[in-house]
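Engineer: Here it is, the structure in full.
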Amino acid sequence: MKVLVAVKRVVDFNVKVRVKADNSGVDLANVKMSMNPFCEIAVEEAVRLKEQGVASEIIVVSIGRSVAQEQLRTALALGADRAILVESADELNSLAVAKLLKAVVDKEQPQLVILGKQAIDSDNNQTGQMLAALTGYGQGTFASNVEVSGDSLAVTREVDGGAQTVSLKLPAIVTTDLRLNEPRYASLPNIMKAKKKPLEVLTPDALGVATTSSVRILKVEAPATRSAGIKVKSVAELVEKLKNEAKVI
Ligand code: AMP
């Protein structure tokens, strides 16, 4: 079974992001970039499927600038077999990304596509769902467990107040939640080996996809800074403050 995994290059989760002075976006100058954490979980799941003998080939795909090759090489070091970069310097919205992924799906014909549930930079949480709509494949989103049996897939999903298990006919789309697995680290020998694995560079034009956006970002602002809290000495004082200062009870 061929597995396609979508990985996005994002600002590292440890970085405190700064908004550009002109409010046009997030300042990326000299900022550490990494693979989106949910995409790391997606790669790990694919590697585990390969280790179980379920997956035969893992292809990782990223859409973005040439520097996203770094994250593709990381995925190759973690166990993917080959990589595809769809190179574009444009600010792409989710629908454009989903259309490009659909073109890659058409080209590669994977049986399973794994994406993160969301990218931690834009927090969109919609690319996997859009890809499912474009391909017509079943989707198992927010997966905390994935089991393949024959030509179907059981996905346990994290839903409000519990877990739901759905059965999908392959080919299918899965998006990963935090509890699906704990990603491994790449070993030094594997990082070296990954340098020799194939990495194909495509363009939206070559895939026949127009990426013009119908959404324009008007302004990006940092959240308002919260004023410092205080400690009260007793429940009575708390109630008094809620009543007379905050006037909420
Ligand atoms: P989002 O819908 O933007 O929150 O992203 C959800 C998931 O879609 C990510 O975790 C990735 O697996 C995939 N994805 C989004 N943008 C890209 C991109 N530029 N390149 C590759 N995969 C992406």
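A note on labels: chains of the structure tokens are A, B, ... as shown, every chain counts residues from 1, and ligands are counted from 1 in their shown order.
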Set the distance at 12 Å and use only C-alpha atoms: which residues neighbour Ala21 in chain A once local chain neighbours fewer than 5 positions away are removed? I'd like the list as a list in words.
Structural biologist: Val26, Asp27, Lys219, Val220, Glu221 and Ala222 of chain A
Engineer: Residues contacting ligand 1 - anything with an atom at most 7 Å away, using only C-alpha atoms and all ligand atoms - can you give me those as a PyMOL selection string?
Structural biologist: chain A and resi 5-8+36+38-39+61-64+94+97+114-120+122-128
Engineer: Could you pull out the residues in range 55-200 of chain A that DSSP calls alpha helix (DSSP H) from the backbone, as a PyMOL selection string?
Structural biologist: chain A and resi 69-78+94-108+127-135+188-194
Engineer: Give the answer as one residue: which of A:Leu218, A:Ala163, A:Ala103, A:Ala210 has the shortest atom-to-atom distance to Asp90 in chain A, using only C-alpha atoms?
Structural biologist: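 Closest to Asp90 in chain A of all the choices is A:Ala210.
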Engineer: Identify all residues of range 23-167 of chain A in strand (DSSP E) (DSSP on the backbone) and supply them as a PyMOL selection string.
Structural biologist: chain A and resi 33-35+57-64+82-87+112-116+138-149+152-159+162-167
Engineer: Quick one: pull the distance between CA of Ile58 in chain A and CA of Glu91 in chain A, Å, one decimal.
Structural biologist: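 That distance, rounded to one decimal, is 26.9 Å.
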Engineer: Pick out the closest residue to Arg73 in chain A from this set: A:Ile59, A:Ala46, A:Leu242, A:Ala143. Count only C-alpha atoms.
Structural biologist: A:Ile59
Engineer: Might you pull out every residue within 12 Å of Ala89 in chain A, with only C-alpha atoms counted and same-chain residues fewer than 5 positions away left off, and present them as a ChimeraX atom specification?
Structural biologist: /A:63-68,203-204,211
Engineer: Which value, in Å to one decimal, gives the distance between CA of Ile173 in chain A and CA of Asp81 in chain A?
Structural biologist: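 Going from CA of Ile173 in chain A over to CA of Asp81 in chain A, I get 19.5 Å.
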Engineer: Using only C-alpha atoms, which protein or nucleic acid residues come within 12 Å of Leu78 in chain A? Drop anything in the same chain fewer than 5 positions from it, and give the result as a VMD selection string.
Structural biologist: chain A and resid 35 39 to 48 50 58 to 60 71 to 73 183 to 195 197
Engineer: Would you export the selected residues with N, CA and C atoms as an mmCIF file, in the first residue's frame, please?
Structural biologist:
data_model
loop_
_atom_site.group_PDB
_atom_site.id
_atom_site.type_symbol
_atom_site.label_atom_id
_atom_site.label_comp_id
_atom_site.auth_asym_id
_atom_site.auth_seq_id
_atom_site.Cartn_x
_atom_site.Cartn_y
_atom_site.Cartn_z
ATOM 1 N N MET A 35 9.171 21.068 11.083
ATOM 2 C CA MET A 35 8.013 20.379 10.521
ATOM 3 C C MET A 35 6.846 20.587 11.494
ATOM 4 N N CYS A 39 2.208 16.994 11.544
ATOM 5 C CA CYS A 39 2.752 16.314 10.361
ATOM 6 C C CYS A 39 3.815 15.302 10.792
ATOM 7 N N GLU A 40 4.547 15.619 11.873
ATOM 8 C CA GLU A 40 5.523 14.642 12.406
ATOM 9 C C GLU A 40 4.783 13.375 12.821
ATOM 10 N N ILE A 41 3.616 13.570 13.439
ATOM 11 C CA ILE A 41 2.806 12.420 13.869
ATOM 12 C C ILE A 41 2.326 11.646 12.633
ATOM 13 N N ALA A 42 2.008 12.374 11.566
ATOM 14 C CA ALA A 42 1.555 11.721 10.318
ATOM 15 C C ALA A 42 2.681 10.877 9.717
ATOM 16 N N VAL A 43 3.893 11.422 9.702
ATOM 17 C CA VAL A 43 5.044 10.676 9.170
ATOM 18 C C VAL A 43 5.279 9.430 10.028
ATOM 19 N N GLU A 44 5.234 9.625 11.352
ATOM 20 C CA GLU A 44 5.466 8.495 12.269
ATOM 21 C C GLU A 44 4.454 7.378 12.018
ATOM 22 N N GLU A 45 3.198 7.755 11.815
ATOM 23 C CA GLU A 45 2.164 6.734 11.603
ATOM 24 C C GLU A 45 2.449 5.951 10.316
ATOM 25 N N ALA A 46 2.852 6.680 9.281
ATOM 26 C CA ALA A 46 3.168 6.009 8.008
ATOM 27 C C ALA A 46 4.349 5.060 8.191
ATOM 28 N N VAL A 47 5.358 5.513 8.937
ATOM 29 C CA VAL A 47 6.548 4.663 9.154
ATOM 30 C C VAL A 47 6.155 3.401 9.930
ATOM 31 N N ARG A 48 5.272 3.581 10.928
ATOM 32 C CA ARG A 48 4.832 2.395 11.686
ATOM 33 C C ARG A 48 4.064 1.432 10.792
ATOM 34 N N LYS A 50 4.575 0.996 7.709
ATOM 35 C CA LYS A 50 5.575 0.310 6.873
ATOM 36 C C LYS A 50 6.279 -0.781 7.694
ATOM 37 N N ILE A 58 6.375 5.059 1.255
ATOM 38 C CA ILE A 58 5.908 6.313 1.865
ATOM 39 C C ILE A 58 6.459 7.484 1.057
ATOM 40 N N ILE A 59 5.523 8.307 0.565
ATOM 41 C CA ILE A 59 5.935 9.501 -0.184
ATOM 42 C C ILE A 59 5.527 10.708 0.652
ATOM 43 N N VAL A 60 6.454 11.617 0.867
ATOM 44 C CA VAL A 60 6.102 12.840 1.603
ATOM 45 C C VAL A 60 6.025 13.999 0.621
ATOM 46 N N GLN A 71 12.446 20.207 5.606
ATOM 47 C CA GLN A 71 11.467 19.390 6.336
ATOM 48 C C GLN A 71 11.238 18.063 5.596
ATOM 49 N N LEU A 72 11.327 18.111 4.254
ATOM 50 C CA LEU A 72 11.184 16.858 3.491
ATOM 51 C C LEU A 72 12.348 15.928 3.801
ATOM 52 N N ARG A 73 13.550 16.493 3.898
ATOM 53 C CA ARG A 73 14.730 15.655 4.226
ATOM 54 C C ARG A 73 14.559 15.061 5.628
ATOM 55 N N PRO A 183 6.156 10.680 17.957
ATOM 56 C CA PRO A 183 7.147 10.572 16.883
ATOM 57 C C PRO A 183 8.556 10.295 17.402
ATOM 58 N N ARG A 184 9.301 9.531 16.615
ATOM 59 C CA ARG A 184 10.689 9.223 16.948
ATOM 60 C C ARG A 184 11.603 10.367 16.511
ATOM 61 N N TYR A 185 12.846 10.304 16.946
ATOM 62 C CA TYR A 185 13.857 11.253 16.460
ATOM 63 C C TYR A 185 14.627 10.583 15.328
ATOM 64 N N ALA A 186 15.127 11.396 14.417
ATOM 65 C CA ALA A 186 15.926 10.831 13.319
ATOM 66 C C ALA A 186 17.334 10.561 13.837
ATOM 67 N N SER A 187 17.881 9.383 13.507
ATOM 68 C CA SER A 187 19.248 9.079 13.930
ATOM 69 C C SER A 187 20.227 9.702 12.932
ATOM 70 N N LEU A 188 21.447 9.901 13.381
ATOM 71 C CA LEU A 188 22.451 10.525 12.500
ATOM 72 C C LEU A 188 22.672 9.719 11.214
ATOM 73 N N PRO A 189 22.846 8.375 11.316
ATOM 74 C CA PRO A 189 23.015 7.611 10.059
ATOM 75 C C PRO A 189 21.824 7.789 9.115
ATOM 76 N N ASN A 190 20.608 7.847 9.679
ATOM 77 C CA ASN A 190 19.433 8.018 8.819
ATOM 78 C C ASN A 190 19.378 9.416 8.204
ATOM 79 N N ILE A 191 19.891 10.416 8.931
ATOM 80 C CA ILE A 191 19.936 11.782 8.377
ATOM 81 C C ILE A 191 20.894 11.787 7.182
ATOM 82 N N MET A 192 21.997 11.064 7.317
ATOM 83 C CA MET A 192 22.975 10.988 6.221
ATOM 84 C C MET A 192 22.368 10.250 5.021
ATOM 85 N N LYS A 193 21.696 9.121 5.323
ATOM 86 C CA LYS A 193 21.085 8.328 4.236
ATOM 87 C C LYS A 193 20.012 9.125 3.501
ATOM 88 N N ALA A 194 19.297 9.976 4.261
ATOM 89 C CA ALA A 194 18.175 10.733 3.675
ATOM 90 C C ALA A 194 18.649 11.688 2.584
ATOM 91 N N LYS A 195 19.920 12.087 2.668
ATOM 92 C CA LYS A 195 20.452 13.036 1.674
ATOM 93 C C LYS A 195 20.446 12.419 0.285
ATOM 94 N N LYS A 197 18.159 10.104 -0.752
ATOM 95 C CA LYS A 197 16.829 9.646 -1.191
ATOM 96 C C LYS A 197 16.266 10.624 -2.219
#
Engineer: Which residues come within 8 Å of Lys169 in chain A, counting only C-alpha atoms, excluding same-chain residues fewer than 5 positions away, as number ranges by chain?
Structural biologist: A: 138, 151-153
Engineer: Counting only C-alpha atoms, figure out which residue out of A:Leu178, A:Leu131, A:Val215, A:Leu85 gets nearest to Pro37 in chain A.
Structural biologist: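 Comparing A:Leu178, A:Leu131, A:Val215, A:Leu85 against Pro37 in chain A, the winner is A:Leu178.
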Engineer: By how many Å are CA of Leu101 in chain A and CA of Leu180 in chain A apart?
Structural biologist: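 One can read the CA of Leu101 in chain A to CA of Leu180 in chain A distance as 22.6 Å.
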Engineer: Looking at only C-alpha atoms, which of A:Val31, A:Leu202, A:Val11, A:Ala172 is the one that sits closest to Ala133 in chain A?
Structural biologist: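 Of all the options, A:Ala172 lies closest to Ala133 in chain A.
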